[in-house]
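First comes the structure, then the notes that go with it.
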Amino acid sequence: MNYYYGMRLRGFSIGTFPKDGFVDVMENNVYNGKEYHDILKYDRKLTEEELREWEFDFLENYEEKQ
């Protein structure tokens, strides 16, 4: 199962995301009308503490564009 997170305040770069479980990055995405710098895919669910620390939004029903 994959989990998706929107980067609210900055784009994808070294030191801007937790590495554990990271799979891929989708650049310049919009989800439910909200624009994110990037959307990250993980193979695990991030903790509430990680969401606060990295300033991510959990995108519960995000479907990756093919």
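As shown in the structure tokens, the chain order sets the letters A, B, ...; within each chain, residues go from 1, and ligands are also counted from 1 in the order they appear.
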Skip Leu51 (chain A) itself and residues of its chain fewer than 5 positions away, then list as a PDB file with N, CA and C atoms, in the first residue's frame all residues within 10 Å of it, counting only C-alpha atoms.
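The result, stored in around_27.pdb:
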```pdb
ATOM      1  N   TYR A   5       1.646  12.341   0.393  1.00  0.00           N
ATOM      2  CA  TYR A   5       1.737  13.525   1.248  1.00  0.00           C
ATOM      3  C   TYR A   5       2.065  14.750   0.413  1.00  0.00           C
ATOM      4  N   GLY A   6       1.336  15.836   0.672  1.00  0.00           N
ATOM      5  CA  GLY A   6       1.571  17.094  -0.022  1.00  0.00           C
ATOM      6  C   GLY A   6       2.560  17.955   0.752  1.00  0.00           C
ATOM      7  N   MET A   7       3.536  18.499   0.024  1.00  0.00           N
ATOM      8  CA  MET A   7       4.533  19.395   0.615  1.00  0.00           C
ATOM      9  C   MET A   7       3.978  20.822   0.546  1.00  0.00           C
ATOM     10  N   PHE A  17      12.479  16.125   3.578  1.00  0.00           N
ATOM     11  CA  PHE A  17      11.527  15.028   3.734  1.00  0.00           C
ATOM     12  C   PHE A  17      12.178  13.886   4.519  1.00  0.00           C
ATOM     13  N   PRO A  18      11.362  13.078   5.224  1.00  0.00           N
ATOM     14  CA  PRO A  18      11.920  11.902   5.893  1.00  0.00           C
ATOM     15  C   PRO A  18      12.234  10.819   4.863  1.00  0.00           C
ATOM     16  N   LYS A  45       2.848   4.749   6.459  1.00  0.00           N
ATOM     17  CA  LYS A  45       2.133   5.943   6.899  1.00  0.00           C
ATOM     18  C   LYS A  45       3.033   6.736   7.843  1.00  0.00           C
ATOM     19  N   LEU A  46       3.199   8.013   7.562  1.00  0.00           N
ATOM     20  CA  LEU A  46       4.009   8.863   8.427  1.00  0.00           C
ATOM     21  C   LEU A  46       3.263   9.128   9.731  1.00  0.00           C
ATOM     22  N   PHE A  56       3.751  18.508   6.181  1.00  0.00           N
ATOM     23  CA  PHE A  56       3.088  17.770   5.110  1.00  0.00           C
ATOM     24  C   PHE A  56       1.605  17.645   5.414  1.00  0.00           C
ATOM     25  N   ASP A  57       0.806  17.460   4.360  1.00  0.00           N
ATOM     26  CA  ASP A  57      -0.595  17.086   4.480  1.00  0.00           C
ATOM     27  C   ASP A  57      -0.731  15.645   3.992  1.00  0.00           C
ATOM     28  N   PHE A  58      -1.446  14.818   4.751  1.00  0.00           N
ATOM     29  CA  PHE A  58      -1.746  13.463   4.307  1.00  0.00           C
ATOM     30  C   PHE A  58      -2.863  13.545   3.279  1.00  0.00           C
TER      31      PHE A  58
END
```
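Looking only at chain A, the set that DSSP places in alpha helix (DSSP H) from backbone geometry is Glu48, Glu49, Glu50, Leu51, Arg52, Glu53 and Trp54 of chain A.
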### Query
Between A:Asn28, A:Trp54, A:Arg8, A:Val23, which has the minimum distance to Leu40 (chain A) (counting only C-alpha atoms)?
A:Val23
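We find CA of Gly33 (chain A) and CA of Glu49 (chain A) to be spaced 25.2 Å apart.
Residues in contact with Lys41 (chain A) at 6 Å, where only C-alpha atoms are counted and same-chain residues fewer than 6 positions away are skipped, are listed as Tyr3, Tyr4, Val23 and Asp24 of chain A.
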Would you export the selected residues with C-alpha atoms as a PDB file, in the first residue's frame, please?
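What follows is the written file again_20.pdb:
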```pdb
ATOM      1  CA  TYR A   3       0.628   6.741   1.138  1.00  0.00           C
ATOM      2  CA  TYR A   4       0.766  10.233  -0.371  1.00  0.00           C
ATOM      3  CA  VAL A  23       9.304   5.804  -2.793  1.00  0.00           C
ATOM      4  CA  ASP A  24       8.840   8.641  -5.323  1.00  0.00           C
TER       5      ASP A  24
END
```
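When only C-alpha atoms are used to compute distances to His37 (chain A), the closest of the residues A:Glu55, A:Glu64, A:Gly15, A:Met1 turns out to be A:Glu55.
Between CA of Tyr62 (chain A) and CA of Asn29 (chain A) the interatomic distance comes to 10.7 Å.
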### Query
Where in chain A does DSSP assign strand (DSSP E or B), given as an NGL selection string?
:A and (3-7 or 22-31 or 34-42 or 56-58)
### Task
Determine, counting only C-alpha atoms, which protein, DNA and RNA residues have an atom within 8 Å of an atom of Gly21 (chain A); residues of the same chain fewer than 6 positions away are not included. Present the result as number ranges by chain.
A: 42-44
